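Containing compact mmCIF, N, CA and C atoms: input-v3.txt.
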```txt
# COMPACT_ATOMS: atom_id res chain seq x y z
N MET A 1 -11.66 -6.68 -23.71
CA MET A 1 -10.72 -6.53 -22.62
C MET A 1 -11.23 -5.49 -21.64
N ASN A 2 -11.33 -5.85 -20.36
CA ASN A 2 -11.79 -4.94 -19.33
C ASN A 2 -10.63 -4.11 -18.81
N VAL A 3 -10.84 -2.81 -18.73
CA VAL A 3 -9.83 -1.91 -18.18
C VAL A 3 -10.16 -1.69 -16.71
N GLN A 4 -9.18 -1.90 -15.83
CA GLN A 4 -9.41 -1.69 -14.41
C GLN A 4 -9.54 -0.19 -14.14
N PRO A 5 -10.60 0.20 -13.42
CA PRO A 5 -10.75 1.62 -13.08
C PRO A 5 -9.56 2.10 -12.25
N CYS A 6 -9.30 3.38 -12.33
CA CYS A 6 -8.18 3.99 -11.63
C CYS A 6 -8.70 5.08 -10.71
N VAL A 7 -8.12 5.20 -9.54
CA VAL A 7 -8.42 6.29 -8.62
C VAL A 7 -7.33 7.34 -8.82
N TYR A 8 -7.74 8.51 -9.30
CA TYR A 8 -6.80 9.62 -9.54
C TYR A 8 -6.78 10.49 -8.29
N ILE A 9 -5.59 10.79 -7.81
CA ILE A 9 -5.42 11.60 -6.60
C ILE A 9 -4.72 12.89 -6.99
N ILE A 10 -5.35 14.03 -6.65
CA ILE A 10 -4.70 15.32 -6.84
C ILE A 10 -4.48 15.90 -5.45
N GLU A 11 -3.23 15.97 -5.06
CA GLU A 11 -2.87 16.45 -3.71
C GLU A 11 -1.49 17.07 -3.77
N ASP A 12 -1.36 18.29 -3.27
CA ASP A 12 -0.07 18.97 -3.34
C ASP A 12 0.90 18.56 -2.24
N ASP A 13 0.41 17.99 -1.15
CA ASP A 13 1.26 17.54 -0.06
C ASP A 13 1.78 16.14 -0.37
N ASP A 14 3.10 16.02 -0.53
CA ASP A 14 3.71 14.74 -0.91
C ASP A 14 3.35 13.61 0.04
N ALA A 15 3.42 13.87 1.34
CA ALA A 15 3.16 12.81 2.32
C ALA A 15 1.70 12.35 2.26
N VAL A 16 0.78 13.28 2.14
CA VAL A 16 -0.64 12.93 2.06
C VAL A 16 -0.91 12.18 0.76
N ARG A 17 -0.35 12.66 -0.33
CA ARG A 17 -0.53 12.02 -1.64
C ARG A 17 0.01 10.59 -1.61
N ASP A 18 1.21 10.39 -1.05
CA ASP A 18 1.79 9.06 -0.97
C ASP A 18 0.97 8.14 -0.08
N SER A 19 0.50 8.66 1.05
CA SER A 19 -0.30 7.86 1.98
C SER A 19 -1.63 7.43 1.34
N LEU A 20 -2.30 8.38 0.68
CA LEU A 20 -3.54 8.04 0.00
C LEU A 20 -3.30 6.99 -1.09
N GLY A 21 -2.21 7.15 -1.83
CA GLY A 21 -1.89 6.20 -2.89
C GLY A 21 -1.68 4.79 -2.34
N MET A 22 -0.91 4.68 -1.26
CA MET A 22 -0.65 3.36 -0.65
C MET A 22 -1.94 2.76 -0.11
N LEU A 23 -2.77 3.57 0.53
CA LEU A 23 -4.04 3.11 1.07
C LEU A 23 -4.94 2.56 -0.04
N ILE A 24 -5.04 3.30 -1.12
CA ILE A 24 -5.90 2.92 -2.23
C ILE A 24 -5.39 1.65 -2.90
N GLU A 25 -4.08 1.54 -3.08
CA GLU A 25 -3.51 0.32 -3.66
C GLU A 25 -3.71 -0.88 -2.74
N SER A 26 -3.59 -0.67 -1.42
CA SER A 26 -3.78 -1.78 -0.48
C SER A 26 -5.22 -2.26 -0.47
N ALA A 27 -6.16 -1.41 -0.90
CA ALA A 27 -7.57 -1.79 -0.99
C ALA A 27 -7.88 -2.46 -2.33
N GLY A 28 -6.86 -2.60 -3.19
CA GLY A 28 -7.04 -3.31 -4.44
C GLY A 28 -7.36 -2.46 -5.65
N PHE A 29 -7.23 -1.15 -5.53
CA PHE A 29 -7.50 -0.25 -6.64
C PHE A 29 -6.20 0.20 -7.30
N ALA A 30 -6.25 0.41 -8.60
CA ALA A 30 -5.14 1.08 -9.28
C ALA A 30 -5.24 2.56 -8.93
N GLN A 31 -4.10 3.25 -8.88
CA GLN A 31 -4.12 4.68 -8.57
C GLN A 31 -3.03 5.39 -9.34
N LYS A 32 -3.30 6.65 -9.61
CA LYS A 32 -2.30 7.55 -10.19
C LYS A 32 -2.38 8.85 -9.41
N SER A 33 -1.22 9.35 -9.02
CA SER A 33 -1.17 10.56 -8.20
C SER A 33 -0.60 11.73 -8.97
N PHE A 34 -1.13 12.91 -8.66
CA PHE A 34 -0.70 14.15 -9.31
C PHE A 34 -0.50 15.20 -8.24
N HIS A 35 0.53 16.02 -8.40
CA HIS A 35 0.83 17.04 -7.39
C HIS A 35 0.02 18.32 -7.59
N SER A 36 -0.67 18.44 -8.73
CA SER A 36 -1.48 19.64 -8.98
C SER A 36 -2.56 19.33 -10.00
N VAL A 37 -3.55 20.21 -10.07
CA VAL A 37 -4.60 20.11 -11.07
C VAL A 37 -3.98 20.19 -12.46
N GLU A 38 -3.03 21.10 -12.63
CA GLU A 38 -2.38 21.26 -13.93
C GLU A 38 -1.67 19.98 -14.36
N HIS A 39 -0.99 19.32 -13.41
CA HIS A 39 -0.32 18.05 -13.70
C HIS A 39 -1.34 16.99 -14.11
N PHE A 40 -2.47 16.94 -13.43
CA PHE A 40 -3.54 16.00 -13.80
C PHE A 40 -4.00 16.24 -15.23
N PHE A 41 -4.25 17.50 -15.57
CA PHE A 41 -4.77 17.80 -16.90
C PHE A 41 -3.75 17.48 -18.00
N THR A 42 -2.48 17.60 -17.73
CA THR A 42 -1.48 17.30 -18.76
C THR A 42 -1.16 15.81 -18.84
N ALA A 43 -1.36 15.05 -17.75
CA ALA A 43 -0.94 13.65 -17.73
C ALA A 43 -2.09 12.65 -17.68
N HIS A 44 -3.33 13.11 -17.51
CA HIS A 44 -4.48 12.23 -17.36
C HIS A 44 -4.71 11.41 -18.63
N ASP A 45 -4.93 10.11 -18.46
CA ASP A 45 -5.22 9.21 -19.57
C ASP A 45 -6.74 9.14 -19.74
N LEU A 46 -7.25 9.78 -20.78
CA LEU A 46 -8.69 9.85 -21.00
C LEU A 46 -9.32 8.49 -21.27
N GLY A 47 -8.53 7.50 -21.61
CA GLY A 47 -9.07 6.18 -21.92
C GLY A 47 -9.29 5.30 -20.71
N THR A 48 -8.85 5.72 -19.54
CA THR A 48 -8.97 4.90 -18.34
C THR A 48 -10.08 5.43 -17.45
N PRO A 49 -11.13 4.62 -17.21
CA PRO A 49 -12.21 5.08 -16.33
C PRO A 49 -11.75 5.09 -14.88
N GLY A 50 -12.50 5.78 -14.04
CA GLY A 50 -12.18 5.79 -12.63
C GLY A 50 -12.88 6.90 -11.89
N CYS A 51 -12.29 7.31 -10.78
CA CYS A 51 -12.81 8.44 -10.02
C CYS A 51 -11.62 9.28 -9.56
N LEU A 52 -11.93 10.47 -9.10
CA LEU A 52 -10.91 11.46 -8.76
C LEU A 52 -11.06 11.87 -7.31
N ILE A 53 -9.95 11.97 -6.60
CA ILE A 53 -9.93 12.52 -5.23
C ILE A 53 -9.24 13.86 -5.30
N LEU A 54 -9.93 14.90 -4.81
CA LEU A 54 -9.44 16.27 -4.91
C LEU A 54 -9.69 17.01 -3.62
N ASP A 55 -8.69 17.73 -3.13
CA ASP A 55 -8.87 18.61 -1.98
C ASP A 55 -9.71 19.80 -2.41
N ALA A 56 -10.91 19.92 -1.88
CA ALA A 56 -11.85 20.97 -2.29
C ALA A 56 -11.36 22.35 -1.90
N ASN A 57 -10.43 22.42 -0.95
CA ASN A 57 -9.98 23.72 -0.45
C ASN A 57 -8.66 24.18 -1.04
N ASP A 58 -7.98 23.31 -1.78
CA ASP A 58 -6.61 23.64 -2.19
C ASP A 58 -6.27 23.10 -3.57
N SER A 59 -7.14 23.32 -4.55
CA SER A 59 -6.87 22.78 -5.88
C SER A 59 -6.16 23.77 -6.78
N GLY A 60 -6.04 25.03 -6.36
CA GLY A 60 -5.44 26.04 -7.22
C GLY A 60 -6.47 26.72 -8.10
N LEU A 61 -7.63 26.12 -8.24
CA LEU A 61 -8.74 26.70 -8.98
C LEU A 61 -9.96 26.70 -8.07
N THR A 62 -10.93 27.56 -8.37
CA THR A 62 -12.19 27.41 -7.65
C THR A 62 -12.85 26.13 -8.14
N ASN A 63 -13.78 25.62 -7.39
CA ASN A 63 -14.45 24.39 -7.80
C ASN A 63 -15.16 24.55 -9.14
N LEU A 64 -15.73 25.73 -9.39
CA LEU A 64 -16.41 25.96 -10.67
C LEU A 64 -15.41 26.10 -11.81
N GLU A 65 -14.25 26.69 -11.56
CA GLU A 65 -13.21 26.75 -12.59
C GLU A 65 -12.73 25.33 -12.94
N PHE A 66 -12.60 24.51 -11.91
CA PHE A 66 -12.19 23.13 -12.12
C PHE A 66 -13.24 22.39 -12.96
N ARG A 67 -14.52 22.58 -12.61
CA ARG A 67 -15.60 21.97 -13.38
C ARG A 67 -15.54 22.40 -14.84
N ASP A 68 -15.35 23.70 -15.07
CA ASP A 68 -15.29 24.21 -16.44
C ASP A 68 -14.12 23.61 -17.21
N GLU A 69 -12.99 23.45 -16.55
CA GLU A 69 -11.82 22.85 -17.20
C GLU A 69 -12.08 21.38 -17.54
N LEU A 70 -12.74 20.65 -16.64
CA LEU A 70 -13.10 19.26 -16.92
C LEU A 70 -14.00 19.19 -18.15
N LYS A 71 -15.02 20.06 -18.19
CA LYS A 71 -15.95 20.06 -19.32
C LYS A 71 -15.24 20.41 -20.62
N GLN A 72 -14.39 21.41 -20.58
CA GLN A 72 -13.67 21.83 -21.78
C GLN A 72 -12.82 20.69 -22.34
N ARG A 73 -12.26 19.88 -21.45
CA ARG A 73 -11.39 18.78 -21.88
C ARG A 73 -12.18 17.47 -22.07
N HIS A 74 -13.50 17.54 -21.91
CA HIS A 74 -14.37 16.38 -22.09
C HIS A 74 -14.02 15.24 -21.13
N ILE A 75 -13.70 15.60 -19.90
CA ILE A 75 -13.38 14.62 -18.86
C ILE A 75 -14.61 14.48 -17.96
N ARG A 76 -15.20 13.29 -17.97
CA ARG A 76 -16.35 13.00 -17.10
C ARG A 76 -15.89 11.93 -16.12
N VAL A 77 -15.71 12.33 -14.89
CA VAL A 77 -15.20 11.40 -13.88
C VAL A 77 -15.87 11.74 -12.55
N PRO A 78 -16.34 10.72 -11.81
CA PRO A 78 -16.86 10.99 -10.47
C PRO A 78 -15.75 11.56 -9.59
N ILE A 79 -16.13 12.47 -8.69
CA ILE A 79 -15.13 13.16 -7.86
C ILE A 79 -15.44 12.99 -6.39
N ILE A 80 -14.40 12.72 -5.61
CA ILE A 80 -14.49 12.77 -4.15
C ILE A 80 -13.76 14.04 -3.72
N PHE A 81 -14.52 14.99 -3.20
CA PHE A 81 -13.94 16.22 -2.68
C PHE A 81 -13.62 16.01 -1.21
N LEU A 82 -12.38 16.28 -0.83
CA LEU A 82 -11.98 16.26 0.57
C LEU A 82 -11.96 17.69 1.06
N LYS A 83 -12.64 17.95 2.17
CA LYS A 83 -12.62 19.32 2.69
C LYS A 83 -12.25 19.31 4.16
N SER A 84 -11.60 20.38 4.57
CA SER A 84 -11.03 20.41 5.91
C SER A 84 -11.91 21.11 6.94
N TYR A 85 -13.07 21.53 6.55
CA TYR A 85 -14.00 22.11 7.52
C TYR A 85 -15.41 21.75 7.10
N SER A 86 -16.35 21.89 8.04
CA SER A 86 -17.69 21.37 7.81
C SER A 86 -18.63 22.33 7.09
N ALA A 87 -18.21 23.56 6.83
CA ALA A 87 -19.08 24.48 6.11
C ALA A 87 -19.36 23.95 4.71
N PRO A 88 -20.63 23.98 4.29
CA PRO A 88 -20.94 23.44 2.96
C PRO A 88 -20.35 24.31 1.85
N HIS A 89 -19.96 23.66 0.78
CA HIS A 89 -19.49 24.37 -0.41
C HIS A 89 -20.70 24.54 -1.32
N LYS A 90 -21.15 25.77 -1.51
CA LYS A 90 -22.31 26.02 -2.35
C LYS A 90 -22.06 25.60 -3.78
N GLU A 91 -20.80 25.60 -4.23
CA GLU A 91 -20.47 25.24 -5.61
C GLU A 91 -20.57 23.74 -5.85
N LEU A 92 -20.55 22.95 -4.78
CA LEU A 92 -20.55 21.50 -4.95
C LEU A 92 -21.99 21.01 -5.04
N SER A 93 -22.41 20.67 -6.25
CA SER A 93 -23.74 20.13 -6.47
C SER A 93 -23.71 19.18 -7.64
N ALA A 94 -24.71 18.31 -7.68
CA ALA A 94 -24.80 17.37 -8.80
C ALA A 94 -24.96 18.11 -10.11
N ALA A 95 -25.61 19.27 -10.08
CA ALA A 95 -25.78 20.05 -11.31
C ALA A 95 -24.42 20.51 -11.84
N ASN A 96 -23.48 20.76 -10.95
CA ASN A 96 -22.16 21.22 -11.36
C ASN A 96 -21.20 20.08 -11.67
N PHE A 97 -21.33 18.96 -10.97
CA PHE A 97 -20.31 17.92 -11.08
C PHE A 97 -20.83 16.54 -11.42
N GLY A 98 -22.12 16.32 -11.50
CA GLY A 98 -22.61 14.97 -11.76
C GLY A 98 -22.42 14.12 -10.53
N ARG A 99 -21.78 12.96 -10.69
CA ARG A 99 -21.58 12.05 -9.56
C ARG A 99 -20.39 12.52 -8.73
N PHE A 100 -20.64 12.75 -7.44
CA PHE A 100 -19.57 13.21 -6.57
C PHE A 100 -19.89 12.86 -5.13
N ALA A 101 -18.90 13.00 -4.29
CA ALA A 101 -19.05 12.83 -2.84
C ALA A 101 -18.20 13.87 -2.17
N VAL A 102 -18.59 14.24 -0.95
CA VAL A 102 -17.83 15.19 -0.15
C VAL A 102 -17.51 14.50 1.18
N LEU A 103 -16.23 14.42 1.49
CA LEU A 103 -15.79 13.82 2.75
C LEU A 103 -14.97 14.85 3.52
N ASN A 104 -15.17 14.86 4.83
CA ASN A 104 -14.42 15.78 5.69
C ASN A 104 -13.09 15.17 6.10
N LYS A 105 -12.07 16.03 6.17
CA LYS A 105 -10.77 15.63 6.70
C LYS A 105 -10.82 15.71 8.22
N PRO A 106 -10.14 14.87 8.93
CA PRO A 106 -9.42 13.71 8.41
C PRO A 106 -10.41 12.64 7.98
N VAL A 107 -10.22 12.10 6.80
CA VAL A 107 -11.14 11.12 6.23
C VAL A 107 -10.91 9.76 6.89
N GLN A 108 -12.00 9.08 7.17
CA GLN A 108 -11.93 7.74 7.73
C GLN A 108 -11.67 6.75 6.59
N ILE A 109 -10.75 5.84 6.79
CA ILE A 109 -10.33 4.91 5.74
C ILE A 109 -11.51 4.13 5.19
N GLU A 110 -12.34 3.57 6.07
CA GLU A 110 -13.47 2.76 5.63
C GLU A 110 -14.45 3.60 4.81
N GLU A 111 -14.67 4.83 5.23
CA GLU A 111 -15.59 5.71 4.52
C GLU A 111 -15.05 6.04 3.13
N LEU A 112 -13.75 6.29 3.03
CA LEU A 112 -13.14 6.59 1.74
C LEU A 112 -13.25 5.40 0.79
N ILE A 113 -12.93 4.21 1.26
CA ILE A 113 -12.98 3.01 0.42
C ILE A 113 -14.41 2.74 -0.03
N LYS A 114 -15.38 2.85 0.86
CA LYS A 114 -16.78 2.63 0.49
C LYS A 114 -17.24 3.66 -0.54
N THR A 115 -16.78 4.89 -0.40
CA THR A 115 -17.15 5.94 -1.34
C THR A 115 -16.55 5.67 -2.71
N ILE A 116 -15.29 5.25 -2.75
CA ILE A 116 -14.65 4.89 -4.02
C ILE A 116 -15.43 3.76 -4.69
N GLN A 117 -15.74 2.72 -3.92
CA GLN A 117 -16.48 1.58 -4.47
C GLN A 117 -17.83 2.03 -5.04
N ALA A 118 -18.53 2.89 -4.31
CA ALA A 118 -19.84 3.37 -4.76
C ALA A 118 -19.73 4.20 -6.03
N LEU A 119 -18.74 5.08 -6.09
CA LEU A 119 -18.59 5.93 -7.27
C LEU A 119 -18.18 5.14 -8.51
N LEU A 120 -17.52 4.02 -8.33
CA LEU A 120 -17.12 3.21 -9.47
C LEU A 120 -18.24 2.30 -9.97
N GLN A 121 -19.37 2.29 -9.25
CA GLN A 121 -20.55 1.54 -9.67
C GLN A 121 -21.57 2.51 -10.25
N PRO A 122 -21.75 2.53 -11.57
CA PRO A 122 -22.59 3.54 -12.20
C PRO A 122 -24.05 3.51 -11.78
N GLU A 123 -24.56 2.39 -11.32
CA GLU A 123 -25.97 2.33 -10.97
C GLU A 123 -26.26 2.76 -9.53
N THR A 124 -25.23 3.04 -8.75
CA THR A 124 -25.39 3.39 -7.35
C THR A 124 -25.91 4.81 -7.21
N ASN A 125 -26.93 4.98 -6.37
CA ASN A 125 -27.45 6.31 -6.06
C ASN A 125 -26.74 6.81 -4.82
N LEU A 126 -25.99 7.89 -4.96
CA LEU A 126 -25.18 8.39 -3.85
C LEU A 126 -25.78 9.59 -3.15
N THR A 127 -26.95 10.03 -3.55
CA THR A 127 -27.47 11.27 -2.99
C THR A 127 -27.77 11.11 -1.51
N GLY A 128 -27.19 11.98 -0.73
CA GLY A 128 -27.43 12.02 0.70
C GLY A 128 -28.26 13.23 1.05
N GLN A 129 -28.30 13.60 2.30
CA GLN A 129 -29.09 14.74 2.71
C GLN A 129 -28.52 16.03 2.11
N ASP A 130 -29.38 16.98 1.89
CA ASP A 130 -29.03 18.29 1.32
C ASP A 130 -28.41 18.19 -0.07
N GLY A 131 -28.65 17.09 -0.76
CA GLY A 131 -28.14 16.95 -2.12
C GLY A 131 -26.66 16.64 -2.20
N ILE A 132 -25.99 16.52 -1.06
CA ILE A 132 -24.57 16.19 -1.06
C ILE A 132 -24.44 14.67 -1.12
N ALA A 133 -23.61 14.22 -2.00
CA ALA A 133 -23.45 12.77 -2.17
C ALA A 133 -22.73 12.18 -0.97
N ALA A 134 -23.14 11.00 -0.61
CA ALA A 134 -22.53 10.30 0.52
C ALA A 134 -22.60 8.81 0.26
N PRO A 135 -21.69 8.04 0.86
CA PRO A 135 -21.72 6.58 0.64
C PRO A 135 -22.92 5.95 1.33
```
Using the file provided, produce a representation of the structure as structure tokens.
Amino acid sequence: MNVQPCVYIIEDDDAVRDSLGMLIESAGFAQKSFHSVEHFFTAHDLGTPGCLILDANDSGLTNLEFRDELKQRHIRVPIIFLKSYSAPHKELSAANFGRFAVLNKPVQIEELIKTIQALLQPETNLTGQDGIAAP
């Protein structure tokens, strides 16, 4: 039995979280939304593969603390970091997170969908310039 991958959304803003959820579902993906990192960690189904969308600037933890918590809980999931400014995050690297992508807000719908599709394909090479993953 094939399990459909899920796009996990961690976003504290209700309107943004709801909009992302509707967008992702309209593109044909299953999605689960969480209002905080803590909510994700308590409610995440470890048996369902997928990818994670996380605001890189507002997760409640530093990116490295978040990475450490993922490792401690044995959660290996590709991550799409959304960031609201163009300054690079030194903490965001393949060495720290494995498969990931960084998208700037406001995110373009087509770019987000292509990135989700790429991250859900394990053989896809996402490395872009400067080691930052890109679709």
Long-range neighbours of Ile80 of chain A as a list in words, 7 Å cut-off, all atoms listed in the file, 5 positions minimum in chain: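 Result of the neighbour search: Cys51, Leu52, Ile53, Leu54, Asp55, Ala56, Arg99, Phe100, Ala101, Val102 and Leu103 of chain A.
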Spatial neighbours of Leu20 of chain A, 8 Å, all atoms listed in the file, chain gap at least 6 places, as a compact mmCIF listing (two decimals) with N, CA and C atoms, keeping the file's coordinate frame:
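Listing of around24.txt after writing:
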```
# COMPACT_ATOMS: atom_id res chain seq x y z
N ILE A 9 -5.59 10.79 -7.81
CA ILE A 9 -5.42 11.60 -6.60
C ILE A 9 -4.72 12.89 -6.99
N ASP A 14 3.10 16.02 -0.53
CA ASP A 14 3.71 14.74 -0.91
C ASP A 14 3.35 13.61 0.04
N SER A 26 -3.59 -0.67 -1.42
CA SER A 26 -3.78 -1.78 -0.48
C SER A 26 -5.22 -2.26 -0.47
N GLN A 31 -4.10 3.25 -8.88
CA GLN A 31 -4.12 4.68 -8.57
C GLN A 31 -3.03 5.39 -9.34
```
From the set A:Val107, A:Ile75, A:Leu112, A:Leu120, which residue has the shortest atom-to-atom contact distance to Asp45 of chain A, counting only C-alpha atoms?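 The shortest atom-to-atom distance to Asp45 of chain A comes from A:Ile75.
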In Å, how far is it from atom C of Asp18 of chain A to atom CA of Lys71 of chain A? 28.3 Å
Nearest-residue call for Lys105 of chain A, choices A:Ile24, A:Val77, A:Val37, A:Val16, using only C-alpha atoms: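 Of A:Ile24, A:Val77, A:Val37, A:Val16, the one nearest Lys105 of chain A, counting only C-alpha atoms, is A:Val16.
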What is the distance, in Å and to one decimal place, between atom N of Ile113 of chain A and atom N of Phe66 of chain A?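 Those two atoms sit 24.2 Å apart.
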Selection near Phe29 of chain A, 8 Å with all atoms listed in the file, sequence-local residues under 3 positions removed, as number ranges by chain: A: 4-7, 23-26, 32
Enter the distance from atom N of Asp13 of chain A to atom CA of His35 of chain A, in Å, rounded to one decimal.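 Atom-to-atom, atom N of Asp13 of chain A and atom CA of His35 of chain A are spaced 6.3 Å apart.
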